[in-house]
Amino acid sequence: MLNRWRASAASEVTPAMTFLIHETLMTLNTDDVFEFGLTEILRSPEQDDLFEAQAIVIRNATVTSKLKLTHLSEFSVALSFITYIGNKLRGIAKDELLEFDLNGLTFDQYIPLSKNLRKIWDE
């Protein structure tokens with residue numbers, strides 16, 4: 001199910017941008033709220049055999065990071081999103097000493113980067 005999200009005027013997210021994936025994370029040791037999302041995966045206007053989407057990281061209603069993901073399949077775009085967000089959140093937690101509320105999960109359980117898709121599916 002696609003999800004529409006309205007951004008504040010200060011952010012760079014287009015109002016009513018449609019996200020295929022959208023998640024909100026609170027922090028335990030600050031009042032920061034992080035959101036991350038993957039826009040709809042569409043065919044590239046430049047090359048018909050490629051798919052693309054944007055990965056967006058939002059901190060306190062302001063876009064802090066945007067990355068265009070382009071791959072040969074929709075599945076590859078989604079996997080790249082998971083890797084990008086996993087690395088980004090781990091970096092933020094380490095650099096800024098933030099502790100995310102992952103509902104009792106570790107980062108590897110929440111966004112597993114060290115496992116292949118088969119192992120994740122089997123769990």
# chains A, B, ... in the order shown; residues from 1 in each chain; ligands from 1

$ closest_atom_pairs --of "segment 47-108 of chain A" --to "segment 30-34 of chain A" --cutoff "9 Å" --atoms "only C-alpha atoms" --output "CSV"
residue,atom,partner,partner_atom,distance
A:Val57,CA,A:Phe34,CA,7.2
A:Ile58,CA,A:Phe34,CA,5.6
A:Arg59,CA,A:Phe34,CA,4.6
A:Asn60,CA,A:Val33,CA,5.2
A:Ala61,CA,A:Val33,CA,7.9
A:Leu98,CA,A:Thr30,CA,7.4
A:Glu99,CA,A:Thr30,CA,8.2

$ write_last_selection --atoms "C-alpha atoms" --output "short mmCIF file (atom, residue, chain, number, x, y, z; two decimals), in the first residue's frame"
data_model
loop_
_atom_site.label_atom_id
_atom_site.label_comp_id
_atom_site.auth_asym_id
_atom_site.auth_seq_id
_atom_site.Cartn_x
_atom_site.Cartn_y
_atom_site.Cartn_z
CA VAL A 57 16.19 10.58 5.08
CA ILE A 58 14.30 13.17 7.12
CA ARG A 59 15.34 14.47 10.53
CA ASN A 60 12.88 16.58 12.49
CA ALA A 61 10.77 17.29 9.37
CA LEU A 98 22.16 8.57 19.18
CA GLU A 99 20.25 5.56 20.37
#

$ select_by_dssp --residues "segment 53-91 of chain A" --states "strand (DSSP E or B)" --output "NGL selection string"
:A and (53-59 or 62-71)

$ write_last_selection --atoms "N, CA and C atoms" --output "tab-separated table (two decimals), in the first residue's frame"
chain	number	residue	atom	x	y	z
A	53	ALA	N	14.29	5.24	-8.21
A	53	ALA	CA	13.50	5.79	-7.10
A	53	ALA	C	14.44	6.65	-6.28
A	54	GLN	N	13.89	7.37	-5.32
A	54	GLN	CA	14.71	8.18	-4.43
A	54	GLN	C	14.61	7.64	-3.02
A	55	ALA	N	15.76	7.55	-2.37
A	55	ALA	CA	15.82	7.22	-0.94
A	55	ALA	C	15.97	8.55	-0.21
A	56	ILE	N	15.11	8.78	0.77
A	56	ILE	CA	15.10	10.07	1.46
A	56	ILE	C	15.18	9.83	2.97
A	57	VAL	N	16.07	10.60	3.63
A	57	VAL	CA	16.19	10.58	5.08
A	57	VAL	C	15.76	11.94	5.59
A	58	ILE	N	14.86	11.94	6.56
A	58	ILE	CA	14.30	13.17	7.12
A	58	ILE	C	14.58	13.19	8.61
A	59	ARG	N	15.09	14.31	9.09
A	59	ARG	CA	15.34	14.47	10.53
A	59	ARG	C	14.58	15.69	11.01
A	62	THR	N	12.94	17.86	8.31
A	62	THR	CA	13.80	18.47	7.31
A	62	THR	C	14.58	17.38	6.60
A	63	VAL	N	14.57	17.40	5.29
A	63	VAL	CA	15.32	16.41	4.52
A	63	VAL	C	16.81	16.61	4.75
A	64	THR	N	17.48	15.55	5.20
A	64	THR	CA	18.93	15.63	5.44
A	64	THR	C	19.72	14.89	4.38
A	65	SER	N	19.07	14.00	3.66
A	65	SER	CA	19.78	13.20	2.67
A	65	SER	C	18.80	12.69	1.63
A	66	LYS	N	19.23	12.76	0.37
A	66	LYS	CA	18.43	12.26	-0.74
A	66	LYS	C	19.38	11.55	-1.69
A	67	LEU	N	19.02	10.37	-2.15
A	67	LEU	CA	19.85	9.62	-3.06
A	67	LEU	C	18.98	8.99	-4.15
A	68	LYS	N	19.38	9.18	-5.40
A	68	LYS	CA	18.67	8.55	-6.52
A	68	LYS	C	19.25	7.15	-6.72
A	69	LEU	N	18.39	6.16	-6.67
A	69	LEU	CA	18.79	4.77	-6.86
A	69	LEU	C	18.33	4.31	-8.24
A	70	THR	N	19.26	3.78	-9.04
A	70	THR	CA	18.94	3.31	-10.39
A	70	THR	C	19.51	1.91	-10.57
A	71	HIS	N	18.67	0.97	-11.00
A	71	HIS	CA	19.10	-0.42	-11.21
A	71	HIS	C	18.29	-1.07	-12.32

$ select_by_dssp --residues "segment 12-121 of chain A" --states "alpha helix (DSSP H)" --output "MDAnalysis selection string"
chainID A and resid 74:96 107:110 117:121

$ closest_residue --among "A:His22, A:Phe36, A:Leu42, A:Ser73" --to "Gly86 of chain A" --atoms "only C-alpha atoms"
A:Phe36

$ closest_residue --among "A:Thr39, A:Gly104, A:Met26, A:Gly91" --to "Glu52 of chain A" --atoms "only C-alpha atoms"
A:Thr39
